[in-house]
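A.B. asks: Here you go, this is model.txt (compact mmCIF, C-alpha atoms).
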# COMPACT_ATOMS: atom_id res chain seq x y z
CA MET A 1 0.83 -10.73 -14.13
CA PRO A 2 -0.66 -13.67 -12.24
CA LEU A 3 -1.39 -13.53 -8.55
CA LEU A 4 1.53 -14.27 -6.29
CA ILE A 5 1.54 -16.33 -3.11
CA GLN A 6 4.70 -16.21 -0.97
CA ASN A 7 6.39 -14.34 -3.84
CA ARG A 8 5.69 -17.15 -6.33
CA LYS A 9 3.37 -16.80 -9.30
CA ILE A 10 0.45 -19.20 -9.12
CA GLU A 11 -1.65 -20.90 -11.74
CA ARG A 12 -5.26 -19.82 -11.97
CA PRO A 13 -7.06 -22.15 -9.52
CA SER A 14 -9.92 -24.33 -10.75
CA SER A 15 -11.44 -24.53 -7.27
CA THR A 16 -10.93 -22.99 -3.86
CA GLU A 17 -10.34 -26.50 -2.46
CA GLU A 18 -7.47 -27.04 -4.88
CA MET A 19 -5.83 -23.77 -3.90
CA LEU A 20 -6.07 -24.57 -0.19
CA ASP A 21 -4.51 -27.98 -0.70
CA LYS A 22 -1.66 -26.40 -2.62
CA TYR A 23 -1.06 -23.52 -0.19
CA PRO A 24 -1.87 -24.80 3.31
CA HIS A 25 -0.45 -21.64 4.93
CA LEU A 26 -3.48 -19.77 3.51
CA GLN A 27 -5.71 -21.99 5.64
CA GLU A 28 -3.59 -21.23 8.69
CA ASN A 29 -3.72 -17.50 7.93
CA ALA A 30 -7.51 -17.71 7.53
CA ARG A 31 -7.89 -19.53 10.85
CA THR A 32 -5.76 -16.88 12.54
CA PHE A 33 -7.81 -14.09 10.96
CA CYS A 34 -11.12 -15.69 12.00
CA SER A 35 -9.89 -15.98 15.58
CA LYS A 36 -9.05 -12.27 15.89
CA PRO A 37 -11.36 -10.32 18.21
CA LEU A 38 -14.26 -8.52 16.56
CA VAL A 39 -13.70 -4.74 16.63
CA ASP A 40 -16.66 -2.38 17.07
CA VAL A 41 -15.33 0.56 15.07
CA ASP A 42 -15.79 4.13 16.30
CA PRO A 43 -17.95 5.87 13.65
CA LYS A 44 -16.05 9.14 14.15
CA CYS A 45 -13.02 7.74 12.31
CA LEU A 46 -14.87 5.42 9.93
CA LEU A 47 -15.61 5.45 6.21
CA TYR A 48 -18.28 2.77 5.71
CA VAL A 49 -18.60 0.95 2.38
CA GLN A 50 -21.95 -0.58 1.40
CA GLN A 51 -22.66 -3.38 -1.07
CA ARG A 52 -21.47 -2.56 -4.60
CA GLU A 53 -19.34 0.35 -3.42
CA PHE A 54 -15.62 0.94 -3.04
CA ALA A 55 -13.52 3.60 -1.37
CA ALA A 56 -9.79 4.36 -1.37
CA THR A 57 -7.58 6.65 0.66
CA THR A 58 -4.07 7.06 2.09
CA PRO A 59 -2.55 7.45 5.58
CA ALA A 60 -2.43 11.23 5.00
CA ASP A 61 -6.25 11.43 5.12
CA ASN A 62 -7.28 13.50 8.14
CA ALA A 63 -10.97 12.55 7.84
CA VAL A 64 -10.66 8.74 7.78
CA SER A 65 -8.66 6.28 9.88
CA VAL A 66 -10.63 3.10 9.12
CA ILE A 67 -12.42 1.91 5.98
CA GLY A 68 -14.88 -0.86 6.75
CA SER A 69 -17.77 -2.94 5.47
CA ASP A 70 -19.92 -5.76 6.83
CA ASP A 71 -23.15 -7.75 6.30
CA ALA A 72 -21.32 -9.92 3.76
CA THR A 73 -22.80 -13.43 3.51
CA THR A 74 -22.17 -14.69 -0.03
CA CYS A 75 -20.64 -11.28 -0.87
CA HIS A 76 -16.86 -10.85 -0.59
CA LEU A 77 -14.95 -7.95 0.93
CA VAL A 78 -11.94 -7.09 -1.22
CA LEU A 79 -9.04 -5.06 0.11
CA VAL A 80 -6.06 -4.00 -1.99
CA ARG A 81 -3.26 -2.10 -0.25
CA HIS A 82 0.09 -0.74 -1.40
CA THR A 83 2.73 -1.35 1.26
CA GLY A 84 4.85 1.60 0.14
CA SER A 85 2.29 4.40 -0.09
CA GLY A 86 -0.12 2.87 2.41
CA ALA A 87 -2.96 3.57 -0.04
CA ALA A 88 -5.85 1.15 0.50
CA CYS A 89 -9.09 0.40 -1.30
CA LEU A 90 -11.94 -1.63 0.16
CA ALA A 91 -14.79 -2.93 -2.01
CA HIS A 92 -17.96 -4.89 -1.19
CA CYS A 93 -18.43 -7.23 -4.16
CA ASP A 94 -21.58 -9.27 -4.85
CA GLY A 95 -20.63 -10.84 -8.18
CA SER A 96 -22.71 -8.46 -10.28
CA SER A 97 -19.78 -7.43 -12.50
CA THR A 98 -16.56 -8.82 -11.04
CA TRP A 99 -14.42 -8.58 -14.17
CA SER A 100 -15.07 -4.85 -14.60
CA GLU A 101 -14.88 -4.12 -10.86
CA VAL A 102 -11.46 -5.58 -10.07
CA PRO A 103 -9.55 -3.19 -12.41
CA LEU A 104 -11.33 -0.25 -10.73
CA ILE A 105 -10.18 -1.44 -7.30
CA VAL A 106 -6.57 -1.90 -8.42
CA ARG A 107 -6.51 1.44 -10.24
CA ALA A 108 -7.88 3.22 -7.16
CA VAL A 109 -4.76 2.12 -5.25
CA THR A 110 -2.15 2.55 -7.98
CA SER A 111 -3.40 6.07 -8.75
CA LEU A 112 -2.72 7.02 -5.10
CA SER A 113 0.72 5.36 -5.20
CA ASN A 114 2.21 6.93 -8.33
CA HIS A 115 5.10 8.64 -6.55
CA THR A 116 6.09 5.63 -4.48
CA LYS A 117 9.15 3.68 -5.58
CA GLU A 118 9.12 1.00 -2.87
CA GLY A 119 6.44 -1.44 -1.82
CA ARG A 120 4.02 -3.87 -3.44
CA LEU A 121 0.30 -4.46 -3.92
CA GLU A 122 -1.23 -6.85 -1.39
CA LEU A 123 -4.67 -8.46 -1.58
CA HIS A 124 -6.95 -9.51 1.27
CA LEU A 125 -10.12 -11.45 0.43
CA VAL A 126 -12.73 -12.12 3.13
CA GLY A 127 -16.27 -13.40 2.74
CA GLY A 128 -18.58 -16.13 1.57
CA PHE A 129 -19.27 -19.50 3.18
CA ASN A 130 -20.40 -23.00 2.20
CA ASP A 131 -23.84 -21.97 0.96
CA GLU A 132 -26.09 -24.54 -0.71
CA SER A 133 -26.23 -22.77 -4.09
CA ARG A 134 -22.43 -22.39 -4.13
CA THR A 135 -22.84 -18.67 -4.84
CA SER A 136 -19.85 -17.99 -2.58
CA HIS A 137 -17.65 -20.51 -4.41
CA LYS A 138 -18.46 -18.95 -7.78
CA LEU A 139 -17.64 -15.45 -6.54
CA SER A 140 -14.40 -16.62 -4.87
CA LEU A 141 -13.19 -18.17 -8.13
CA SER A 142 -14.33 -15.21 -10.21
CA LEU A 143 -12.41 -12.76 -8.01
CA LEU A 144 -9.26 -14.89 -8.01
CA ALA A 145 -9.45 -15.22 -11.80
CA ALA A 146 -10.00 -11.47 -12.29
CA PHE A 147 -7.04 -10.55 -10.09
CA HIS A 148 -4.99 -13.17 -11.93
CA LYS A 149 -5.59 -11.21 -15.16
CA GLN A 150 -4.32 -7.84 -13.88
CA LYS A 151 -1.07 -6.51 -15.31
CA GLU A 152 0.29 -5.60 -11.88
CA ASP A 153 1.94 -8.09 -9.51
CA ILE A 154 -0.57 -8.64 -6.69
CA HIS A 155 0.39 -10.61 -3.59
CA LEU A 156 -2.41 -12.62 -1.96
CA GLU A 157 -1.96 -12.24 1.80
CA THR A 158 -5.34 -13.10 3.32
CA CYS A 159 -7.72 -15.60 1.74
CA CYS A 160 -10.51 -16.10 4.28
CA ILE A 161 -13.19 -17.08 1.76
CA THR A 162 -15.96 -19.65 1.34
CA GLU A 163 -14.97 -22.88 3.14
CA MET A 164 -12.26 -21.04 5.10
CA ASN A 165 -14.91 -18.62 6.41
CA ASP A 166 -17.54 -21.25 7.23
CA ILE A 167 -19.00 -22.36 10.53
CA ILE A 168 -21.99 -24.61 11.25
CA VAL A 169 -24.39 -23.20 13.88
CA ASP A 170 -27.41 -25.33 14.84
CA GLY A 171 -26.98 -27.35 11.66
CA THR A 172 -26.80 -24.28 9.40
CA HIS A 173 -23.73 -23.05 7.50
CA ARG A 174 -22.85 -19.40 8.20
CA PRO A 175 -19.88 -17.09 7.65
CA VAL A 176 -17.47 -16.77 10.56
CA VAL A 177 -16.55 -13.20 9.59
CA TYR A 178 -19.25 -10.90 8.18
CA GLY A 179 -17.26 -7.67 8.18
CA ILE A 180 -13.74 -6.24 8.12
CA GLY A 181 -11.97 -2.97 8.69
CA VAL A 182 -8.58 -1.71 7.61
CA ASN A 183 -6.70 0.90 9.61
CA VAL A 184 -5.34 3.08 6.82
CA LYS A 185 -2.68 4.55 9.15
CA THR A 186 -1.14 1.19 10.09
CA GLY A 187 -2.37 -1.28 7.46
CA ASP A 188 -3.89 -3.53 10.13
CA VAL A 189 -6.81 -5.63 8.82
CA PHE A 190 -9.31 -7.05 11.30
CA PRO A 191 -12.81 -8.56 11.67
CA ALA A 192 -15.23 -5.75 12.47
CA LEU A 193 -18.81 -4.71 13.02
CA PHE A 194 -20.34 -1.31 12.50
CA THR A 195 -23.27 0.28 14.29
CA HIS A 196 -23.20 3.34 12.02
CA LYS A 197 -23.36 2.84 8.24
CA GLY A 198 -23.77 6.37 6.98
CA PRO A 199 -23.77 8.87 5.64
CA ALA A 200 -26.98 8.56 3.56
CA GLU A 201 -27.43 4.88 4.40
CA ASP A 202 -30.93 4.55 2.89
CA LEU A 203 -30.03 6.47 -0.26
CA ARG A 204 -27.00 4.27 -0.87
CA SER A 205 -28.98 1.10 -0.21
CA ALA A 206 -31.68 2.32 -2.62
CA ARG A 207 -29.04 2.82 -5.33
CA THR A 208 -27.92 -0.80 -5.01
CA PHE A 209 -31.47 -2.17 -4.61
CA THR A 210 -32.48 -0.55 -7.92
CA GLY A 211 -29.55 -2.04 -9.84
CA GLY A 212 -26.81 0.56 -9.47
CA GLN A 213 -23.38 -0.68 -10.46
CA MET A 214 -20.13 -0.61 -8.45
CA ALA A 215 -19.46 3.02 -7.44
CA ASP A 216 -16.49 4.91 -6.02
CA ILE A 217 -17.95 6.81 -3.04
CA TYR A 218 -14.96 8.80 -1.78
CA ASP A 219 -12.77 11.66 -2.92
CA SER A 220 -9.73 11.34 -0.66
CA SER A 221 -8.14 14.54 -1.95
CA ARG A 222 -11.04 16.55 -0.49
CA GLY A 223 -12.24 14.21 2.27
CA LEU A 224 -15.70 14.02 0.69
CA VAL A 225 -18.15 11.13 0.49
CA LYS A 226 -19.97 11.48 -2.83
CA ILE A 227 -23.22 9.69 -3.63
CA GLY A 228 -24.82 9.61 -7.06
CA PRO A 229 -26.41 11.03 -8.97
CA CYS A 230 -28.54 7.86 -9.05
CA LYS A 231 -31.34 6.95 -11.45
CA TRP A 232 -34.46 4.98 -10.66
CA SER A 233 -38.09 5.17 -11.74
CA PRO A 234 -41.24 5.05 -9.62
CA ASN A 235 -42.18 1.48 -8.70
CA LEU A 236 -45.14 1.32 -6.35
CA ASP A 237 -45.24 -2.48 -6.65
CA ILE A 238 -42.38 -2.78 -4.16
CA ALA A 239 -44.80 -1.73 -1.39
CA PHE A 240 -45.97 -5.36 -1.55
CA TRP A 241 -42.88 -6.42 0.42
CA LEU A 242 -43.71 -4.23 3.41
CA SER A 243 -46.71 -6.45 4.25
CA GLN A 244 -44.78 -9.73 3.95
CA ASP A 245 -43.41 -11.71 6.88
CA ASP A 246 -39.69 -12.02 7.56
CA ASP A 247 -39.38 -15.54 6.14
CA THR A 248 -40.89 -14.48 2.80
CA ILE A 249 -38.56 -11.48 2.50
CA LEU A 250 -35.55 -13.64 3.36
CA LYS A 251 -36.59 -16.34 0.88
CA TYR A 252 -36.99 -14.02 -2.10
CA LEU A 253 -34.67 -11.08 -1.41
CA SER A 254 -31.58 -12.81 0.02
CA THR A 255 -28.93 -15.04 -1.56
CA SER A 256 -28.52 -16.77 1.82
CA PRO A 257 -31.76 -16.68 3.85
CA MET A 258 -30.45 -18.82 6.72
CA ALA A 259 -27.25 -16.83 7.22
CA GLU A 260 -28.31 -13.19 7.13
CA PRO A 261 -27.59 -10.94 10.12
CA PRO A 262 -30.63 -10.23 12.31
CA HIS A 263 -31.19 -6.71 10.96
CA PHE A 264 -31.44 -7.80 7.28
CA VAL A 265 -35.24 -7.67 7.00
CA GLN A 266 -35.51 -4.27 8.69
CA HIS A 267 -32.78 -2.97 6.38
CA ILE A 268 -34.72 -4.15 3.30
CA LYS A 269 -37.96 -2.58 4.57
CA SER A 270 -36.21 0.69 5.34
CA THR A 271 -34.77 0.77 1.81
CA ILE A 272 -38.19 0.09 0.25
CA GLN A 273 -39.80 2.81 2.39
CA PHE A 274 -37.12 5.25 1.22
CA LEU A 275 -37.85 4.38 -2.44
CA LEU A 276 -41.59 4.87 -1.89
CA GLN A 277 -40.93 8.24 -0.25
CA HIS A 278 -38.64 9.23 -3.14
CA PRO A 279 -40.23 7.61 -6.23
CA ASN A 280 -38.24 9.84 -8.55
CA SER A 281 -34.49 9.95 -7.89
CA ASP A 282 -33.99 13.28 -9.67
CA SER A 283 -35.38 15.23 -6.71
CA LEU A 284 -32.51 13.99 -4.54
CA PHE A 285 -29.84 15.36 -6.89
CA PRO A 286 -30.59 19.01 -7.74
CA GLY A 287 -29.00 19.98 -11.00
CA GLY A 288 -27.92 16.39 -11.54
CA GLN A 289 -25.14 16.84 -8.96
CA PRO A 290 -24.01 14.20 -6.45
CA GLN A 291 -24.75 14.51 -2.75
CA LEU A 292 -21.53 15.43 -0.91
CA TYR A 293 -20.71 14.82 2.75
CA HIS A 294 -17.75 16.09 4.77
CA ARG A 295 -16.61 15.22 8.28
CA THR A 296 -17.33 17.80 10.98
CA GLU A 297 -14.98 18.63 13.85
CA GLN A 298 -17.20 16.44 16.03
CA GLY A 299 -16.53 13.48 13.71
CA ASP A 300 -19.96 13.20 12.08
CA TRP A 301 -20.62 13.16 8.33
CA GLU A 302 -22.57 16.28 7.34
CA ARG A 303 -24.09 17.28 4.00
CA ALA A 304 -21.72 19.66 2.27
CA PRO A 305 -22.76 22.49 -0.05
CA GLN A 306 -22.15 21.89 -3.75
CA SER A 307 -18.80 23.25 -4.80
Let me see whether you can do it: turn the structure in this file into structure tokens.
C.D. replies:
Amino acid sequence: MPLLIQNRKIERPSSTEEMLDKYPHLQENARTFCSKPLVDVDPKCLLYVQQREFAATTPADNAVSVIGSDDATTCHLVLVRHTGSGAACLAHCDGSSTWSEVPLIVRAVTSLSNHTKEGRLELHLVGGFNDESRTSHKLSLSLLAAFHKQKEDIHLETCCITEMNDIIVDGTHRPVVYGIGVNVKTGDVFPALFTHKGPAEDLRSARTFTGGQMADIYDSSRGLVKIGPCKWSPNLDIAFWLSQDDDTILKYLSTSPMAEPPHFVQHIKSTIQFLLQHPNSDSLFPGGQPQLYHRTEQGDWERAPQS
């Protein structure tokens, strides 16, 4: 079924501008969302989602209270939640394979809501800005079109994307909101930042850097973060980037050099150093098994033995 706005089916939009003109309340909702205070989320209750990852869980999860993701410039953060079961899935989409990713996100929520008679699927889209190459616009439209094609009724609640998430700072366009969290106990969605992005932050970044596709990183039935197994080959040429200045790295390795958060370059260098230290991915996944992490009583993610 098509997307619904205020319980009415909508036509597939040809531009984000057209949709905003047609549904001015979305602009108002976006302004309200952008004005919410930024929450610094406690890592002891957090499940962090990196680029090209998604994770889903329910309010019954004892290990996770908040799913969150940030550092989105042209990327979009996609949240689907079922109001009856409370099941929620957050994905960090970069446009690499939107049409195959959206069904995975929807299925992650519906599969956790099978026994729920009441409620509906709600969609929250946050991310992008008025970038020069219009990468954000293309991803906004692609996501809207992909959700429009799903068989389920999906109600668009928050649409804080591209021009609705844009601010000009010192003459440069930037996103207003770079990150969001969802409280899976209450359904509250809010702008957020995250000081802790684990577990296995460098490994997960390396997976994406080497072309890994959208991956489900969480088993909510067992409270386990699962990474990999990943595949990459030795590539010593990437050491070249470690000797380059920040501007060069931003120019060639970012979709939005002027709008990246301040830690972007260090993050890229850390990922490259990890790949140089682990030129063959097989050594990180003994027996071809994923790395598993469970939450300790102290609230940290800890490597779990293979089951």
A.B. asks: One decimal, Å: what's the distance from CA of Leu112 (chain A) over to CA of Ala87 (chain A), could you say?
C.D. replies: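 Calculated distance between CA of Leu112 (chain A) and CA of Ala87 (chain A) is 6.1 Å.
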A.B. asks: Given all atoms listed in the file, how would the per-residue table for region 167-260 of chain A near region 23-34 of chain A read, listing every residue at most 12 Å away with its closest atom pair and distance in Å to one decimal, sorted by chain and number, as JSON lines?
C.D. replies:
{"residue": "A:Ile167", "atom": "CA", "partner": "A:Cys34", "partner_atom": "CA", "distance": 10.4}
{"residue": "A:Pro175", "atom": "CA", "partner": "A:Cys34", "partner_atom": "CA", "distance": 9.9}
{"residue": "A:Val176", "atom": "CA", "partner": "A:Cys34", "partner_atom": "CA", "distance": 6.6}
{"residue": "A:Val177", "atom": "CA", "partner": "A:Cys34", "partner_atom": "CA", "distance": 6.4}
{"residue": "A:Tyr178", "atom": "CA", "partner": "A:Cys34", "partner_atom": "CA", "distance": 10.2}
{"residue": "A:Gly179", "atom": "CA", "partner": "A:Cys34", "partner_atom": "CA", "distance": 10.8}
{"residue": "A:Ile180", "atom": "CA", "partner": "A:Phe33", "partner_atom": "CA", "distance": 10.2}
{"residue": "A:Asp188", "atom": "CA", "partner": "A:Phe33", "partner_atom": "CA", "distance": 11.3}
{"residue": "A:Val189", "atom": "CA", "partner": "A:Phe33", "partner_atom": "CA", "distance": 8.8}
{"residue": "A:Phe190", "atom": "CA", "partner": "A:Phe33", "partner_atom": "CA", "distance": 7.2}
{"residue": "A:Pro191", "atom": "CA", "partner": "A:Cys34", "partner_atom": "CA", "distance": 7.3}
{"residue": "A:Ala192", "atom": "CA", "partner": "A:Cys34", "partner_atom": "CA", "distance": 10.8}
A.B. asks: Compare A:Leu90, A:Pro257, A:Asp237, A:Arg8 by their minimum atom-to-atom distance to Ala56 (chain A), counting all atoms listed in the file, and give me the closest one.
C.D. replies: A:Leu90
A.B. asks: Please determine, counting all atoms listed in the file, which residue among A:Ala60, A:Ala108, A:Val66, A:Leu123 has the shortest atom-to-atom distance to Cys45 (chain A).
C.D. replies: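 Distance minimum relative to Cys45 (chain A) lands on A:Val66.
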A.B. asks: Would you kindly return, as a PyMOL selection string, each protein, DNA or RNA residue with an atom no farther than 9 Å from any atom of Trp99 (chain A), considering only C-alpha atoms and excluding same-chain residues fewer than 2 positions away?
C.D. replies: chain A and resi 95+97+101-103+142-143+145-147
A.B. asks: Extract, using all atoms listed in the file, all DNA, RNA and protein residues at most 10 Å from Arg134 (chain A), discarding same-chain residues fewer than 5 positions from it, and format them as a list in words.
C.D. replies: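 What passes the distance filter is Thr74, Gly128, Phe129, Leu139, Ser140 and Thr162 of chain A.
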A.B. asks: Every residue with an atom at most 10 Å from (-3.4, -4.1, -1.2) (file coordinates; only C-alpha atoms) is what I'm after, so could you write them as a list of chain:residue names?
C.D. replies: A:Val78, A:Leu79, A:Val80, A:Arg81, A:His82, A:Thr83, A:Gly86, A:Ala87, A:Ala88, A:Cys89, A:Leu90, A:Ile105, A:Val106, A:Val109, A:Thr110, A:Arg120, A:Leu121, A:Glu122, A:Leu123, A:His124, A:Ile154, A:His155, A:Leu156, A:Glu157, A:Gly187
A.B. asks: At a cut-off of 6 Å, using all atoms listed in the file, what residues contact Ile161 (chain A)? Leave out same-chain residues fewer than 3 positions from it and give the result as a ChimeraX atom specification.
C.D. replies: /A:126-128,164-165
A.B. asks: Just the selected residues (C-alpha atoms), exported as an mmCIF file, in the frame of the given file, please.
C.D. replies:
data_model
loop_
_atom_site.group_PDB
_atom_site.id
_atom_site.type_symbol
_atom_site.label_atom_id
_atom_site.label_comp_id
_atom_site.auth_asym_id
_atom_site.auth_seq_id
_atom_site.Cartn_x
_atom_site.Cartn_y
_atom_site.Cartn_z
ATOM 1 C CA VAL A 126 -12.730 -12.120 3.130
ATOM 2 C CA GLY A 127 -16.270 -13.400 2.740
ATOM 3 C CA GLY A 128 -18.580 -16.130 1.570
ATOM 4 C CA MET A 164 -12.260 -21.040 5.100
ATOM 5 C CA ASN A 165 -14.910 -18.620 6.410
#
A.B. asks: A:Glu302, A:Asp247, A:Asp282, A:Asp70: which is nearest Lys231 (chain A), counting all atoms listed in the file?
C.D. replies: A:Asp282
A.B. asks: Smallest atom-to-atom distance to Asn280 (chain A): which of A:Asn235, A:Asn7, A:Ser243, A:Ser96, using only C-alpha atoms?
C.D. replies: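 The answer is A:Asn235, which sits nearest to Asn280 (chain A).
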A.B. asks: In Å to one decimal, how far is CA of Pro199 (chain A) from CA of Leu236 (chain A)?
C.D. replies: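 Rounded to one decimal, the two atoms are 25.6 Å apart.
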A.B. asks: Rounded to one decimal in Å, what is the spacing between CA of Lys185 (chain A) and CA of Ile217 (chain A)?
C.D. replies: 19.7 Å
A.B. asks: Which residues come within 10 Å of Met258 (chain A), counting only C-alpha atoms, excluding same-chain residues fewer than 5 positions away, as a ChimeraX atom specification?
C.D. replies: /A:73,131,172-174,247,250-251
A.B. asks: Skipping near chain neighbours, those fewer than 4 positions away, what residues fall within 8 Å of Asp40 (chain A) using all atoms listed in the file, listed as number ranges by chain?
C.D. replies: A: 192-195
A.B. asks: Write a file of the selected residues as a short mmCIF file (atom, residue, chain, number, x, y, z; two decimals), in the frame of the given file, keeping C-alpha atoms.
C.D. replies:
data_model
loop_
_atom_site.label_atom_id
_atom_site.label_comp_id
_atom_site.auth_asym_id
_atom_site.auth_seq_id
_atom_site.Cartn_x
_atom_site.Cartn_y
_atom_site.Cartn_z
CA ALA A 192 -15.23 -5.75 12.47
CA LEU A 193 -18.81 -4.71 13.02
CA PHE A 194 -20.34 -1.31 12.50
CA THR A 195 -23.27 0.28 14.29
#
A.B. asks: Could you tell me which of A:Gln213, A:Ser270, A:Thr98, A:Ser233 comes closest to Gln51 (chain A) if we count only C-alpha atoms?
C.D. replies: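 Using only C-alpha atoms, Gln51 (chain A) sits closest to A:Gln213.
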A.B. asks: Using all atoms listed in the file for the distances, tell me which of A:Gln289, A:Ser136, A:Gln273, A:Gln266 is nearest to Cys160 (chain A).
C.D. replies: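 The shortest atom-to-atom distance to Cys160 (chain A) comes from A:Ser136.
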A.B. asks: Tell me which residues come within 10 Å of (-20.1, 12.6, 0.8), as a PyMOL selection string, counting all atoms listed in the file in the file's coordinates.
C.D. replies: chain A and resi 198-200+217-219+222-228+290-295+301-304
A.B. asks: Can you report as lines of an AutoDock Vina configuration file the centre and edge lengths in Å, to one decimal, of an axis-aligned box around the listed atoms of region 11-29 of chain A padded with 4 Å on each side?
C.D. replies:
center_x = -5.9
center_y = -22.7
center_z = -1.6
size_x = 19.0
size_y = 18.5
size_z = 28.7
A.B. asks: Model the absent atoms of region 92-98 of chain A so that all heavy atoms are present, and write the result as a PDB file, in the frame of the given file.
C.D. replies:
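Saved to out.pdb:
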ATOM      1  N   HIS A  92     -16.984  -3.889  -1.608  1.00  0.00           N
ATOM      2  CA  HIS A  92     -17.960  -4.890  -1.190  1.00  0.00           C
ATOM      3  C   HIS A  92     -18.573  -5.466  -2.462  1.00  0.00           C
ATOM      4  O   HIS A  92     -19.432  -4.846  -3.090  1.00  0.00           O
ATOM      5  CB  HIS A  92     -19.023  -4.223  -0.307  1.00  0.00           C
ATOM      6  CG  HIS A  92     -19.976  -5.178   0.344  1.00  0.00           C
ATOM      7  ND1 HIS A  92     -20.298  -5.109   1.681  1.00  0.00           N
ATOM      8  CD2 HIS A  92     -20.695  -6.218  -0.147  1.00  0.00           C
ATOM      9  CE1 HIS A  92     -21.180  -6.068   1.981  1.00  0.00           C
ATOM     10  NE2 HIS A  92     -21.440  -6.739   0.872  1.00  0.00           N
ATOM     11  N   CYS A  93     -18.101  -6.651  -2.856  1.00  0.00           N
ATOM     12  CA  CYS A  93     -18.430  -7.230  -4.160  1.00  0.00           C
ATOM     13  C   CYS A  93     -19.494  -8.320  -4.017  1.00  0.00           C
ATOM     14  O   CYS A  93     -19.379  -9.193  -3.152  1.00  0.00           O
ATOM     15  CB  CYS A  93     -17.183  -7.834  -4.803  1.00  0.00           C
ATOM     16  SG  CYS A  93     -15.878  -6.631  -5.138  1.00  0.00           S
ATOM     17  N   ASP A  94     -20.501  -8.274  -4.904  1.00  0.00           N
ATOM     18  CA  ASP A  94     -21.580  -9.270  -4.850  1.00  0.00           C
ATOM     19  C   ASP A  94     -21.644 -10.137  -6.096  1.00  0.00           C
ATOM     20  O   ASP A  94     -22.588 -10.918  -6.261  1.00  0.00           O
ATOM     21  CB  ASP A  94     -22.924  -8.594  -4.600  1.00  0.00           C
ATOM     22  CG  ASP A  94     -23.313  -7.599  -5.706  1.00  0.00           C
ATOM     23  OD1 ASP A  94     -22.605  -7.525  -6.736  1.00  0.00           O
ATOM     24  OD2 ASP A  94     -24.331  -6.894  -5.525  1.00  0.00           O
ATOM     25  N   GLY A  95     -20.650 -10.010  -6.975  1.00  0.00           N
ATOM     26  CA  GLY A  95     -20.630 -10.840  -8.180  1.00  0.00           C
ATOM     27  C   GLY A  95     -21.389 -10.257  -9.351  1.00  0.00           C
ATOM     28  O   GLY A  95     -21.509 -10.893 -10.398  1.00  0.00           O
ATOM     29  N   SER A  96     -21.893  -9.035  -9.210  1.00  0.00           N
ATOM     30  CA  SER A  96     -22.710  -8.460 -10.280  1.00  0.00           C
ATOM     31  C   SER A  96     -21.889  -8.157 -11.530  1.00  0.00           C
ATOM     32  O   SER A  96     -22.381  -8.268 -12.645  1.00  0.00           O
ATOM     33  CB  SER A  96     -23.425  -7.198  -9.798  1.00  0.00           C
ATOM     34  OG  SER A  96     -22.491  -6.254  -9.314  1.00  0.00           O
ATOM     35  N   SER A  97     -20.616  -7.769 -11.336  1.00  0.00           N
ATOM     36  CA  SER A  97     -19.780  -7.430 -12.500  1.00  0.00           C
ATOM     37  C   SER A  97     -18.303  -7.500 -12.116  1.00  0.00           C
ATOM     38  O   SER A  97     -17.545  -6.547 -12.288  1.00  0.00           O
ATOM     39  CB  SER A  97     -20.133  -6.029 -13.008  1.00  0.00           C
ATOM     40  OG  SER A  97     -19.500  -5.771 -14.235  1.00  0.00           O
ATOM     41  N   THR A  98     -17.891  -8.670 -11.637  1.00  0.00           N
ATOM     42  CA  THR A  98     -16.560  -8.820 -11.040  1.00  0.00           C
ATOM     43  C   THR A  98     -15.434  -8.405 -11.984  1.00  0.00           C
ATOM     44  O   THR A  98     -14.492  -7.714 -11.577  1.00  0.00           O
ATOM     45  CB  THR A  98     -16.353 -10.286 -10.594  1.00  0.00           C
ATOM     46  OG1 THR A  98     -17.404 -10.628  -9.680  1.00  0.00           O
ATOM     47  CG2 THR A  98     -15.007 -10.486  -9.943  1.00  0.00           C
TER      48      THR A  98
END
